[in-house]
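Colleague: mmCIF, C-alpha atoms and all ligand atoms, saved as model-v1.cif, coming up:
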data_target
#
loop_
_atom_site.group_PDB
_atom_site.id
_atom_site.type_symbol
_atom_site.label_atom_id
_atom_site.label_comp_id
_atom_site.auth_asym_id
_atom_site.auth_seq_id
_atom_site.Cartn_x
_atom_site.Cartn_y
_atom_site.Cartn_z
ATOM 1 C CA MET A 1 -72.528 -92.981 41.085
ATOM 2 C CA THR A 2 -73.246 -96.383 39.502
ATOM 3 C CA GLU A 3 -70.072 -97.784 37.945
ATOM 4 C CA ILE A 4 -70.658 -97.957 34.169
ATOM 5 C CA PRO A 5 -68.421 -100.567 32.471
ATOM 6 C CA LYS A 6 -66.294 -98.936 29.748
ATOM 7 C CA ASP A 7 -67.216 -101.652 27.248
ATOM 8 C CA HIS A 8 -70.942 -100.908 27.585
ATOM 9 C CA PRO A 9 -72.230 -99.927 24.104
ATOM 10 C CA ARG A 10 -73.952 -96.865 25.608
ATOM 11 C CA TYR A 11 -71.073 -95.932 27.925
ATOM 12 C CA GLU A 12 -70.866 -92.191 27.099
ATOM 13 C CA SER A 13 -74.594 -91.649 27.361
ATOM 14 C CA LEU A 14 -74.967 -93.605 30.627
ATOM 15 C CA LEU A 15 -71.987 -91.812 32.134
ATOM 16 C CA ALA A 16 -73.529 -88.439 31.295
ATOM 17 C CA ARG A 17 -76.751 -89.516 33.020
ATOM 18 C CA GLU A 18 -74.830 -90.582 36.109
ATOM 19 C CA LYS A 19 -73.044 -87.219 36.188
ATOM 20 C CA VAL A 20 -76.261 -85.199 35.960
ATOM 21 C CA ALA A 21 -77.912 -87.412 38.612
ATOM 22 C CA ALA A 22 -74.846 -86.973 40.856
ATOM 23 C CA GLY A 23 -75.077 -83.218 40.231
ATOM 24 C CA VAL A 24 -78.638 -83.248 41.582
ATOM 25 C CA LYS A 25 -77.556 -85.227 44.669
ATOM 26 C CA MET A 26 -74.690 -82.786 45.288
ATOM 27 C CA GLY A 27 -77.068 -79.817 45.007
ATOM 28 C CA ILE A 28 -75.342 -78.461 41.880
ATOM 29 C CA THR A 29 -77.919 -79.407 39.270
ATOM 30 C CA SER A 30 -81.609 -78.577 39.450
ATOM 31 C CA ILE A 31 -84.126 -81.426 39.343
ATOM 32 C CA GLN A 32 -85.342 -79.895 36.065
ATOM 33 C CA GLY A 33 -81.819 -80.455 34.757
ATOM 34 C CA LEU A 34 -82.625 -84.182 34.540
ATOM 35 C CA ILE A 35 -85.469 -83.424 32.129
ATOM 36 C CA ALA A 36 -83.236 -81.131 30.072
ATOM 37 C CA GLN A 37 -80.625 -83.903 29.801
ATOM 38 C CA GLY A 38 -83.288 -86.383 28.652
ATOM 39 C CA ARG A 39 -84.467 -83.981 25.980
ATOM 40 C CA GLY A 40 -80.883 -83.470 24.843
ATOM 41 C CA GLU A 41 -80.304 -87.237 24.673
ATOM 42 C CA SER A 42 -83.246 -87.745 22.356
ATOM 43 C CA PHE A 43 -81.994 -85.095 19.928
ATOM 44 C CA ASP A 44 -78.537 -86.664 20.113
ATOM 45 C CA TYR A 45 -80.045 -89.979 18.987
ATOM 46 C CA LEU A 46 -81.580 -88.230 15.995
ATOM 47 C CA LEU A 47 -78.230 -86.665 15.157
ATOM 48 C CA GLY A 48 -76.445 -90.017 15.379
ATOM 49 C CA GLU A 49 -74.482 -89.033 18.510
ATOM 50 C CA ARG A 50 -71.659 -87.428 16.526
ATOM 51 C CA SER A 51 -70.281 -83.970 15.937
ATOM 52 C CA THR A 52 -71.616 -83.213 12.482
ATOM 53 C CA LYS A 53 -69.995 -81.092 9.779
ATOM 54 C CA SER A 54 -72.278 -78.167 10.586
ATOM 55 C CA ALA A 55 -71.446 -78.428 14.308
ATOM 56 C CA LEU A 56 -67.722 -78.291 13.588
ATOM 57 C CA TYR A 57 -68.285 -75.308 11.286
ATOM 58 C CA ALA A 58 -70.113 -73.458 14.088
ATOM 59 C CA GLU A 59 -67.567 -74.520 16.725
ATOM 60 C CA ARG A 60 -64.694 -73.094 14.638
ATOM 61 C CA ALA A 61 -66.431 -69.722 14.242
ATOM 62 C CA ALA A 62 -67.366 -69.732 17.950
ATOM 63 C CA VAL A 63 -63.807 -70.303 19.108
ATOM 64 C CA ALA A 64 -62.533 -67.587 16.756
ATOM 65 C CA ALA A 65 -65.111 -65.181 18.236
ATOM 66 C CA LEU A 66 -64.108 -66.061 21.811
ATOM 67 C CA ILE A 67 -60.393 -65.599 21.057
ATOM 68 C CA LEU A 68 -60.920 -62.231 19.346
ATOM 69 C CA ALA A 69 -63.345 -60.870 21.948
ATOM 70 C CA ASN A 70 -62.455 -58.043 24.330
ATOM 71 C CA ASN A 71 -64.460 -59.491 27.204
ATOM 72 C CA PRO A 72 -65.526 -63.085 26.477
ATOM 73 C CA VAL A 73 -67.611 -64.825 29.144
ATOM 74 C CA ILE A 74 -68.728 -68.437 29.489
ATOM 75 C CA SER A 75 -72.001 -68.780 31.387
ATOM 76 C CA VAL A 76 -72.231 -71.895 33.553
ATOM 77 C CA ASN A 77 -75.437 -73.532 34.807
ATOM 78 C CA GLY A 78 -76.118 -76.639 36.883
ATOM 79 C CA ASN A 79 -76.028 -79.101 33.982
ATOM 80 C CA VAL A 80 -72.747 -77.752 32.617
ATOM 81 C CA ALA A 81 -71.163 -77.869 36.087
ATOM 82 C CA ALA A 82 -72.224 -81.496 36.537
ATOM 83 C CA LEU A 83 -71.340 -82.744 33.059
ATOM 84 C CA SER A 84 -68.131 -80.940 32.158
ATOM 85 C CA PRO A 85 -66.621 -78.745 34.891
ATOM 86 C CA ASP A 86 -63.058 -79.595 33.806
ATOM 87 C CA LYS A 87 -63.774 -78.946 30.126
ATOM 88 C CA VAL A 88 -65.486 -75.628 30.655
ATOM 89 C CA VAL A 89 -62.519 -74.453 32.749
ATOM 90 C CA ALA A 90 -60.102 -75.658 30.039
ATOM 91 C CA LEU A 91 -62.048 -73.777 27.342
ATOM 92 C CA ALA A 92 -61.985 -70.597 29.443
ATOM 93 C CA ASP A 93 -58.212 -70.992 29.864
ATOM 94 C CA VAL A 94 -57.485 -71.530 26.199
ATOM 95 C CA THR A 95 -59.693 -68.681 24.949
ATOM 96 C CA GLY A 96 -59.053 -66.217 27.804
ATOM 97 C CA ALA A 97 -62.751 -66.154 28.748
ATOM 98 C CA LYS A 98 -64.165 -65.423 32.198
ATOM 99 C CA LEU A 99 -66.523 -67.910 33.875
ATOM 100 C CA GLU A 100 -69.810 -66.739 35.376
ATOM 101 C CA VAL A 101 -72.463 -68.833 37.101
ATOM 102 C CA ASN A 102 -75.931 -67.865 35.915
ATOM 103 C CA LEU A 103 -78.932 -69.956 36.899
ATOM 104 C CA PHE A 104 -82.557 -70.194 35.923
ATOM 105 C CA HIS A 105 -83.512 -71.984 39.165
ATOM 106 C CA ARG A 106 -81.234 -69.755 41.217
ATOM 107 C CA THR A 107 -80.427 -70.346 44.870
ATOM 108 C CA GLU A 108 -77.393 -68.886 46.616
ATOM 109 C CA THR A 109 -76.423 -72.399 47.742
ATOM 110 C CA ARG A 110 -76.364 -73.688 44.178
ATOM 111 C CA VAL A 111 -74.324 -70.690 42.993
ATOM 112 C CA HIS A 112 -71.803 -71.335 45.784
ATOM 113 C CA LEU A 113 -71.575 -75.086 45.089
ATOM 114 C CA ILE A 114 -71.078 -74.544 41.357
ATOM 115 C CA ILE A 115 -68.327 -71.983 41.970
ATOM 116 C CA GLU A 116 -66.602 -74.466 44.297
ATOM 117 C CA GLN A 117 -66.991 -77.227 41.707
ATOM 118 C CA LEU A 118 -65.339 -75.066 39.027
ATOM 119 C CA LYS A 119 -62.542 -74.049 41.398
ATOM 120 C CA ALA A 120 -61.949 -77.709 42.289
ATOM 121 C CA ASN A 121 -61.498 -78.223 38.542
ATOM 122 C CA GLY A 122 -58.840 -75.536 38.212
ATOM 123 C CA ALA A 123 -60.775 -72.254 37.826
ATOM 124 C CA TYR A 124 -59.052 -69.287 39.427
ATOM 125 C CA GLU A 125 -61.938 -66.852 39.511
ATOM 126 C CA VAL A 126 -65.633 -67.517 38.928
ATOM 127 C CA LEU A 127 -68.159 -64.682 38.755
ATOM 128 C CA GLY A 128 -71.857 -64.896 39.620
ATOM 129 C CA LYS A 129 -71.963 -64.704 43.405
ATOM 130 C CA ASN A 130 -72.330 -60.925 43.617
ATOM 131 C CA PRO A 131 -74.616 -59.797 40.795
ATOM 132 C CA ASP A 132 -74.481 -56.009 40.557
ATOM 133 C CA ALA A 133 -76.325 -55.636 37.246
ATOM 134 C CA ALA A 134 -79.513 -56.940 35.694
ATOM 135 C CA LEU A 135 -80.727 -57.916 32.248
ATOM 136 C CA GLU A 136 -84.292 -56.911 31.358
ATOM 137 C CA LEU A 137 -85.803 -60.270 32.245
ATOM 138 C CA SER A 138 -88.422 -61.235 34.795
ATOM 139 C CA HIS A 139 -86.651 -64.373 36.061
ATOM 140 C CA ASP A 140 -83.432 -64.949 37.965
ATOM 141 C CA ARG A 141 -81.280 -65.322 34.875
ATOM 142 C CA ARG A 142 -81.385 -61.511 34.866
ATOM 143 C CA LEU A 143 -78.866 -61.399 37.739
ATOM 144 C CA VAL A 144 -75.406 -60.821 36.262
ATOM 145 C CA GLU A 145 -72.107 -59.182 37.109
ATOM 146 C CA SER A 146 -71.177 -55.884 35.470
ATOM 147 C CA ARG A 147 -67.645 -57.029 34.644
ATOM 148 C CA GLY A 148 -68.954 -60.360 33.395
ATOM 149 C CA ILE A 149 -72.009 -61.146 31.286
ATOM 150 C CA TYR A 150 -73.353 -57.585 31.467
ATOM 151 C CA SER A 151 -70.390 -55.976 29.714
ATOM 152 C CA ALA A 152 -69.282 -59.030 27.684
ATOM 153 C CA ASP A 153 -69.039 -58.653 23.929
ATOM 154 C CA VAL A 154 -69.097 -62.420 23.331
ATOM 155 C CA VAL A 155 -71.016 -64.822 25.598
ATOM 156 C CA LEU A 156 -71.134 -68.605 25.413
ATOM 157 C CA VAL A 157 -74.413 -69.851 26.901
ATOM 158 C CA PRO A 158 -74.568 -73.658 26.829
ATOM 159 C CA LEU A 159 -77.975 -75.345 27.473
ATOM 160 C CA GLU A 160 -79.809 -72.078 27.514
ATOM 161 C CA ASP A 161 -83.416 -71.015 27.677
ATOM 162 C CA GLY A 162 -84.442 -68.798 24.781
ATOM 163 C CA ASP A 163 -85.278 -65.692 26.811
ATOM 164 C CA ARG A 164 -81.857 -64.697 27.934
ATOM 165 C CA CYS A 165 -80.329 -65.598 24.597
ATOM 166 C CA GLU A 166 -82.751 -63.228 22.895
ATOM 167 C CA LYS A 167 -82.015 -60.452 25.401
ATOM 168 C CA LEU A 168 -78.245 -60.794 25.030
ATOM 169 C CA VAL A 169 -78.531 -60.640 21.240
ATOM 170 C CA GLU A 170 -80.741 -57.539 21.579
ATOM 171 C CA MET A 171 -77.975 -55.967 23.677
ATOM 172 C CA GLY A 172 -75.649 -56.302 20.688
ATOM 173 C CA LYS A 173 -73.584 -59.207 21.983
ATOM 174 C CA THR A 174 -72.320 -62.147 19.970
ATOM 175 C CA VAL A 175 -74.162 -65.059 21.563
ATOM 176 C CA ILE A 176 -72.866 -68.594 21.136
ATOM 177 C CA THR A 177 -75.106 -71.469 22.209
ATOM 178 C CA ILE A 178 -74.607 -75.208 22.552
ATOM 179 C CA ASP A 179 -77.973 -76.921 22.218
ATOM 180 C CA LEU A 180 -78.718 -80.318 20.682
ATOM 181 C CA ASN A 181 -82.133 -79.078 19.582
ATOM 182 C CA PRO A 182 -81.801 -77.139 16.305
ATOM 183 C CA LEU A 183 -85.489 -76.177 16.563
ATOM 184 C CA SER A 184 -85.234 -74.499 19.960
ATOM 185 C CA ARG A 185 -85.838 -70.780 20.359
ATOM 186 C CA THR A 186 -82.273 -70.543 21.647
ATOM 187 C CA SER A 187 -80.806 -72.116 18.498
ATOM 188 C CA LYS A 188 -82.959 -69.904 16.285
ATOM 189 C CA THR A 189 -81.993 -66.715 18.127
ATOM 190 C CA ALA A 190 -78.261 -67.116 18.746
ATOM 191 C CA THR A 191 -75.503 -65.569 16.644
ATOM 192 C CA ILE A 192 -73.623 -68.876 16.497
ATOM 193 C CA SER A 193 -75.740 -71.971 17.273
ATOM 194 C CA ILE A 194 -73.749 -75.107 17.964
ATOM 195 C CA VAL A 195 -75.985 -78.156 17.553
ATOM 196 C CA ASP A 196 -73.867 -80.717 19.378
ATOM 197 C CA ASN A 197 -73.629 -82.495 22.695
ATOM 198 C CA LEU A 198 -72.037 -80.273 25.342
ATOM 199 C CA THR A 199 -69.236 -82.729 26.117
ATOM 200 C CA ARG A 200 -68.296 -83.314 22.458
ATOM 201 C CA ALA A 201 -68.593 -79.610 21.635
ATOM 202 C CA LEU A 202 -66.287 -78.621 24.506
ATOM 203 C CA ASP A 203 -63.693 -81.246 23.503
ATOM 204 C CA ASN A 204 -63.734 -79.951 19.929
ATOM 205 C CA MET A 205 -63.599 -76.318 21.026
ATOM 206 C CA ILE A 206 -60.626 -76.846 23.365
ATOM 207 C CA LYS A 207 -58.673 -78.463 20.489
ATOM 208 C CA LEU A 208 -59.745 -75.687 18.111
ATOM 209 C CA GLY A 209 -58.693 -73.094 20.701
ATOM 210 C CA VAL A 210 -55.138 -74.458 20.767
ATOM 211 C CA GLU A 211 -55.071 -74.553 16.943
ATOM 212 C CA LEU A 212 -56.683 -71.166 16.226
ATOM 213 C CA LYS A 213 -54.624 -69.253 18.780
ATOM 214 C CA LYS A 214 -51.667 -69.774 16.406
ATOM 215 C CA GLU A 215 -53.561 -68.250 13.450
ATOM 216 C CA LYS A 216 -53.263 -64.647 12.268
ATOM 217 C CA LYS A 217 -55.992 -62.261 13.372
ATOM 218 C CA GLU A 218 -57.186 -61.839 9.740
ATOM 219 C CA GLU A 219 -57.827 -65.587 9.492
ATOM 220 C CA LEU A 220 -59.953 -65.525 12.651
ATOM 221 C CA VAL A 221 -61.877 -62.479 11.438
ATOM 222 C CA LYS A 222 -62.543 -64.347 8.171
ATOM 223 C CA LEU A 223 -63.924 -67.360 10.052
ATOM 224 C CA ILE A 224 -66.405 -65.083 11.804
ATOM 225 C CA THR A 225 -67.443 -62.855 8.918
ATOM 226 C CA THR A 226 -67.963 -65.759 6.505
ATOM 227 C CA TYR A 227 -69.965 -67.744 9.071
ATOM 228 C CA ASP A 228 -73.653 -68.104 8.192
ATOM 229 C CA ASN A 229 -75.808 -69.244 11.113
ATOM 230 C CA LYS A 230 -78.944 -69.850 9.053
ATOM 231 C CA ARG A 231 -76.953 -72.169 6.819
ATOM 232 C CA ALA A 232 -75.468 -73.986 9.834
ATOM 233 C CA LEU A 233 -78.909 -74.545 11.380
ATOM 234 C CA SER A 234 -80.476 -75.670 8.138
ATOM 235 C CA GLU A 235 -77.583 -78.120 7.627
ATOM 236 C CA ALA A 236 -78.028 -79.451 11.169
ATOM 237 C CA ILE A 237 -81.667 -80.263 10.369
ATOM 238 C CA SER A 238 -80.631 -81.881 7.065
ATOM 239 C CA GLU A 239 -78.020 -83.950 8.902
ATOM 240 C CA ILE A 240 -80.774 -85.289 11.161
ATOM 241 C CA GLN A 241 -82.897 -86.099 8.094
ATOM 242 C CA GLU A 242 -79.992 -87.902 6.405
ATOM 243 C CA HIS A 243 -79.288 -89.890 9.553
ATOM 244 C CA LEU A 244 -82.950 -90.904 9.857
ATOM 245 C CA ARG A 245 -83.037 -91.927 6.171
ATOM 246 C CA ALA A 246 -79.975 -94.128 6.731
ATOM 247 C CA MET A 247 -81.607 -95.655 9.845
ATOM 248 C CA ALA A 248 -84.835 -96.299 7.915
ATOM 249 C CA ALA A 249 -82.877 -98.037 5.140
ATOM 250 C CA GLU A 250 -81.024 -100.151 7.725
ATOM 251 C CA ALA A 251 -84.306 -101.129 9.412
ATOM 252 C CA GLU A 252 -85.613 -102.567 6.119
ATOM 253 C CA TYR A 253 -82.916 -105.285 6.106
HETATM 254 O O1 LIG B 301 -79.064 -74.851 36.289
HETATM 255 P P1 LIG B 301 -80.237 -73.977 35.906
HETATM 256 O O2 LIG B 301 -81.092 -73.647 37.091
HETATM 257 O O3 LIG B 301 -79.796 -72.719 35.206
HETATM 258 O O4 LIG B 301 -81.158 -74.784 34.882
HETATM 259 C C1 LIG B 301 -80.567 -75.323 33.708
HETATM 260 C C2 LIG B 301 -81.612 -75.980 32.763
HETATM 261 C C3 LIG B 301 -80.840 -76.736 31.688
HETATM 262 C C4 LIG B 301 -82.453 -76.958 33.584
HETATM 263 C C5 LIG B 301 -82.508 -74.868 32.169
HETATM 264 O O5 LIG B 301 -81.718 -73.938 31.489
HETATM 265 C C6 LIG B 301 -83.551 -75.453 31.259
HETATM 266 O O6 LIG B 301 -84.646 -75.789 31.671
HETATM 267 O O7 LIG B 301 -83.175 -75.570 29.994
HETATM 268 P P2 LIG B 301 -84.170 -76.129 28.822
HETATM 269 O O8 LIG B 301 -85.191 -75.106 28.501
HETATM 270 O O9 LIG B 301 -84.580 -77.524 29.151
HETATM 271 O O10 LIG B 301 -83.185 -76.179 27.614
HETATM 272 C C7 LIG B 301 -82.049 -76.989 27.607
HETATM 273 C C8 LIG B 301 -81.691 -77.286 26.153
HETATM 274 O O11 LIG B 301 -80.430 -77.918 26.165
HETATM 275 C C9 LIG B 301 -82.683 -78.240 25.455
HETATM 276 O O12 LIG B 301 -82.952 -77.760 24.146
HETATM 277 C C10 LIG B 301 -81.904 -79.571 25.353
HETATM 278 O O13 LIG B 301 -82.198 -80.264 24.158
HETATM 279 C C11 LIG B 301 -80.469 -79.098 25.369
HETATM 280 N N1 LIG B 301 -79.559 -80.068 25.993
HETATM 281 C C12 LIG B 301 -79.802 -80.844 27.073
HETATM 282 N N2 LIG B 301 -78.714 -81.578 27.384
HETATM 283 C C13 LIG B 301 -77.762 -81.236 26.487
HETATM 284 C C14 LIG B 301 -78.299 -80.266 25.600
HETATM 285 N N3 LIG B 301 -77.592 -79.718 24.602
HETATM 286 C C15 LIG B 301 -76.299 -80.122 24.482
HETATM 287 N N4 LIG B 301 -75.717 -81.049 25.291
HETATM 288 C C16 LIG B 301 -76.399 -81.612 26.298
HETATM 289 N N5 LIG B 301 -75.814 -82.525 27.100
#
Please lay out the structure from this file as structure tokens.
Modeller:
Amino acid sequence: MTEIPKDHPRYESLLAREKVAAGVKMGITSIQGLIAQGRGESFDYLLGERSTKSALYAERAAVAALILANNPVISVNGNVAALSPDKVVALADVTGAKLEVNLFHRTETRVHLIIEQLKANGAYEVLGKNPDAALELSHDRRLVESRGIYSADVVLVPLEDGDRCEKLVEMGKTVITIDLNPLSRTSKTATISIVDNLTRALDNMIKLGVELKKEKKEELVKLITTYDNKRALSEAISEIQEHLRAMAAEAEY
């Protein structure tokens, strides 16, 4: 990995790039993962590279749903494993969720390497190696474990493709997504769409997990039942518009 100086104005963004590139070299991340990261970066620019009010609103409801779930599962792909293996393990710990590797560009080697990466970051058990159930999909994301994603009532699917998200919602699950693109099919389909950068979202969600675990069950139920995903998505788009207006005003001077 190229050493990025901490005082570089684009430190966080360059570090993320280095991590995804290193993930490809290690065989964890797919080559297509580089394109996905680039797409995410451009939406992050439009958002102003911050966790917006609507993102925090969605993250709070998402953490409440994970804590209250009977069988919460966090799905991990090659980008997540490269960018935030420690954070995804910490979120699973704080919410009591299982971890399951589920890949679009699936190879058994990648599944193995990602499981090892998560274990090296403190995970005790990671599902995904022995899929014994299938979602009704024609690509490899269909391969799931019966005690994991298949039977989960709440699933967190960061950096998802729309297909599986749609299928999981159809199966009656609460589907939480983290996707910087508020216009994606995934964001439009999910139950709780978090429009935020993966690394910022996970940091926020770990903190919220510690905080919300102390709350009464009724308070958590309220966070979920009063949550309005259409409102959150519409606000995310407005937040981009506001940011662009501010940038346009700044450019005039
Ligand atoms: O590891 P695999 O084989 O399962 O493949 C994973 C990728 C991500 C390559 C695969 O799922 C894919 O092609 O995804 P898409 O269709 O490119 O969608 C990824 C979405 O995540 C896009 O809408 C991006 O804007 C968004 N995104 C990319 N990087 C980030 C992000 N959202 C949040 N944080 C990011 N760092």
Colleague: Of the candidates A:Ala120, A:Leu244, A:Leu56, A:Leu159, which shows the shortest atom-to-atom distance to Asn77 in chain A, using only C-alpha atoms?
Modeller: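 Once distances to Asn77 in chain A are computed over only C-alpha atoms, the minimum belongs to A:Leu159.
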Colleague: With only C-alpha atoms as the counted atoms, please give the residues lying no more than 9 Å from Ile237 in chain A, apart from itself and same-chain residues fewer than 5 positions off, as a ChimeraX atom specification.
Modeller: /A:47,182-183,232,242
Colleague: Find the residues near Asn70 in chain A: any atom within 12 Å, counting all atoms listed in the file, skip ones fewer than 6 places away on the same chain, and give them as a PDB file with C-alpha atoms, in the coordinates of the input.
Modeller:
ATOM      1  CA  THR A  95     -59.693 -68.681  24.949  1.00  0.00           C
ATOM      2  CA  GLY A  96     -59.053 -66.217  27.804  1.00  0.00           C
ATOM      3  CA  ALA A  97     -62.751 -66.154  28.748  1.00  0.00           C
ATOM      4  CA  LYS A  98     -64.165 -65.423  32.198  1.00  0.00           C
ATOM      5  CA  ARG A 147     -67.645 -57.029  34.644  1.00  0.00           C
ATOM      6  CA  GLY A 148     -68.954 -60.360  33.395  1.00  0.00           C
ATOM      7  CA  SER A 151     -70.390 -55.976  29.714  1.00  0.00           C
ATOM      8  CA  ALA A 152     -69.282 -59.030  27.684  1.00  0.00           C
ATOM      9  CA  ASP A 153     -69.039 -58.653  23.929  1.00  0.00           C
ATOM     10  CA  VAL A 154     -69.097 -62.420  23.331  1.00  0.00           C
ATOM     11  CA  VAL A 155     -71.016 -64.822  25.598  1.00  0.00           C
ATOM     12  CA  LYS A 173     -73.584 -59.207  21.983  1.00  0.00           C
ATOM     13  CA  THR A 174     -72.320 -62.147  19.970  1.00  0.00           C
TER      14      THR A 174
END
Colleague: Counting only C-alpha atoms and all ligand atoms, what are the residues, protein, DNA or RNA alike, that approach ligand LIG 301 (chain B) to within 8 Å? I want them as a ChimeraX atom specification.
Modeller: /A:16,28-43,76-80,83,102-106,141,158-162,178-182,184,186,195-199
Colleague: Here's the selection I'm unsure about, the PyMOL selection byres (((chain A and resi 133) around 7) and not hetatm); applied to the file above, which residues does it give, as a PyMOL selection string?
Modeller: chain A and resi 131-132+134+143-146+150
Colleague: Those same residues - C-alpha atoms - I'd like them written as an mmCIF file, in the coordinates of the input.
Modeller:
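Everything below was put into again-v3.cif:
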data_model
loop_
_atom_site.group_PDB
_atom_site.id
_atom_site.type_symbol
_atom_site.label_atom_id
_atom_site.label_comp_id
_atom_site.auth_asym_id
_atom_site.auth_seq_id
_atom_site.Cartn_x
_atom_site.Cartn_y
_atom_site.Cartn_z
ATOM 1 C CA PRO A 131 -74.616 -59.797 40.795
ATOM 2 C CA ASP A 132 -74.481 -56.009 40.557
ATOM 3 C CA ALA A 134 -79.513 -56.940 35.694
ATOM 4 C CA LEU A 143 -78.866 -61.399 37.739
ATOM 5 C CA VAL A 144 -75.406 -60.821 36.262
ATOM 6 C CA GLU A 145 -72.107 -59.182 37.109
ATOM 7 C CA SER A 146 -71.177 -55.884 35.470
ATOM 8 C CA TYR A 150 -73.353 -57.585 31.467
#
Colleague: To one decimal in Å, tell me the separation between CA of Tyr124 in chain A and CA of Val157 in chain A.
Modeller: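 That distance, rounded to one decimal, is 19.8 Å.
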Colleague: Care to translate the PyMOL selection byres (((chain A and resi 165) around 9) and not hetatm) into actual residues of this file, as a list in words?
Modeller: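 So the PyMOL selection byres (((chain A and resi 165) around 9) and not hetatm), applied here, picks out Val157, Glu160, Asp161, Gly162, Asp163, Arg164, Glu166, Lys167, Leu168, Val169, Glu170, Val175, Ile176, Thr177, Arg185, Thr186, Ser187, Thr189 and Ala190 of chain A.
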Colleague: Restricting the output to C-alpha atoms, write the selected residues as a compact mmCIF listing (two decimals), in the coordinates of the input.
Modeller:
# COMPACT_ATOMS: atom_id res chain seq x y z
CA VAL A 157 -74.41 -69.85 26.90
CA GLU A 160 -79.81 -72.08 27.51
CA ASP A 161 -83.42 -71.02 27.68
CA GLY A 162 -84.44 -68.80 24.78
CA ASP A 163 -85.28 -65.69 26.81
CA ARG A 164 -81.86 -64.70 27.93
CA GLU A 166 -82.75 -63.23 22.90
CA LYS A 167 -82.02 -60.45 25.40
CA LEU A 168 -78.24 -60.79 25.03
CA VAL A 169 -78.53 -60.64 21.24
CA GLU A 170 -80.74 -57.54 21.58
CA VAL A 175 -74.16 -65.06 21.56
CA ILE A 176 -72.87 -68.59 21.14
CA THR A 177 -75.11 -71.47 22.21
CA ARG A 185 -85.84 -70.78 20.36
CA THR A 186 -82.27 -70.54 21.65
CA SER A 187 -80.81 -72.12 18.50
CA THR A 189 -81.99 -66.72 18.13
CA ALA A 190 -78.26 -67.12 18.75
Colleague: Report, in Å with one decimal, the straight-line distance from CA of Ser51 in chain A to CA of Ile194 in chain A.
Modeller: 9.7 Å
